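Single-structure report; data block below.
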Amino acid sequence: MIFLEVIKKMKENSKKREISKQINKEVIVTLVLYLIYFLWWYYFAYEFSTDNVEDYKYILGLPEWFFYSCVVGLVLINFLVFLAIKFFFKEIDLDEFEKNEETNQNNKENK
């Protein structure tokens, strides 16, 4: 019986490690996407624009810098988030994990 409990704990620890690795990967992907969006926005909002308003070029009635930083940037980041969710993110059933933790705590209390 003790052997079976040890194997069960090893499986639970392995699952915890897998969940932890997946969560860490998702956090890194999210931070990279945010950094890409911020750099895109900053470049077109501050570096791409000119100081003289009379020199502005307009796209769809919006200043060119605003169009690229806010409109194109939003579409681009939405597409990148879609791809990231599709290829990097995985659904994790945390309810099952919490139930296992509660069961383990109840077993420890009963002993």
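Labels used: A, B, ... for chains in the order of the structure tokens, numbers from 1 for residues in each chain, and numbers from 1 for ligands as shown.
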- Query: DSSP on the backbone: what in range 5-97 of chain A comes out strand (DSSP E or B), as JSON, numbers by chain?
  - Reply: {"A": [58, 59, 62, 63]}
Output the selection as a PDB file, in the first residue's frame - C-alpha atoms for each residue.
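Once written, part_37.pdb looks like this:
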ATOM      1  CA  TYR A  58      -3.115  61.413 -43.212  1.00  0.00           C
ATOM      2  CA  ILE A  59      -4.598  57.947 -43.712  1.00  0.00           C
ATOM      3  CA  LEU A  62      -6.092  60.112 -39.131  1.00  0.00           C
ATOM      4  CA  PRO A  63      -2.499  61.261 -38.791  1.00  0.00           C
TER       5      PRO A  63
END
- Query: Using only C-alpha atoms, which residue out of A:Leu94, A:Val72, A:Val32, A:Ile77 lies closest to Ala45 in chain A?
  - Reply: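 Residue with the minimum atom-to-atom distance to Ala45 in chain A: A:Val72.
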- Task: Kindly indicate which residue among A:Val29, A:Asn52, A:Phe87, A:Trp41 lies nearest to Cys70 in chain A, using only C-alpha atoms for the distances.
- Result: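 Ranking A:Val29, A:Asn52, A:Phe87, A:Trp41 by distance to Cys70 in chain A, first place goes to A:Trp41.
Using only C-alpha atoms, the shortest contact distance between Val75 in chain A and any of A:Tyr37, A:Tyr56, A:Tyr42, A:Phe48 is found at A:Tyr37.
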- Query: Restricting the calculation to only C-alpha atoms, which member of A:Gly61, A:Ser49, A:Val27, A:Asp55 is positioned closest to Ile85 in chain A?
  - Reply: A:Val27
- Item | Contact residues around Tyr46 in chain A with only C-alpha atoms at 12 Å, ignoring same-chain residues under 3 positions, as a list in words |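 So the residues in contact are Phe38, Leu39, Trp40, Trp41, Tyr42, Tyr43, Ser49, Thr50, Asp51, Glu64, Trp65, Phe66, Tyr68 and Ser69 of chain A.
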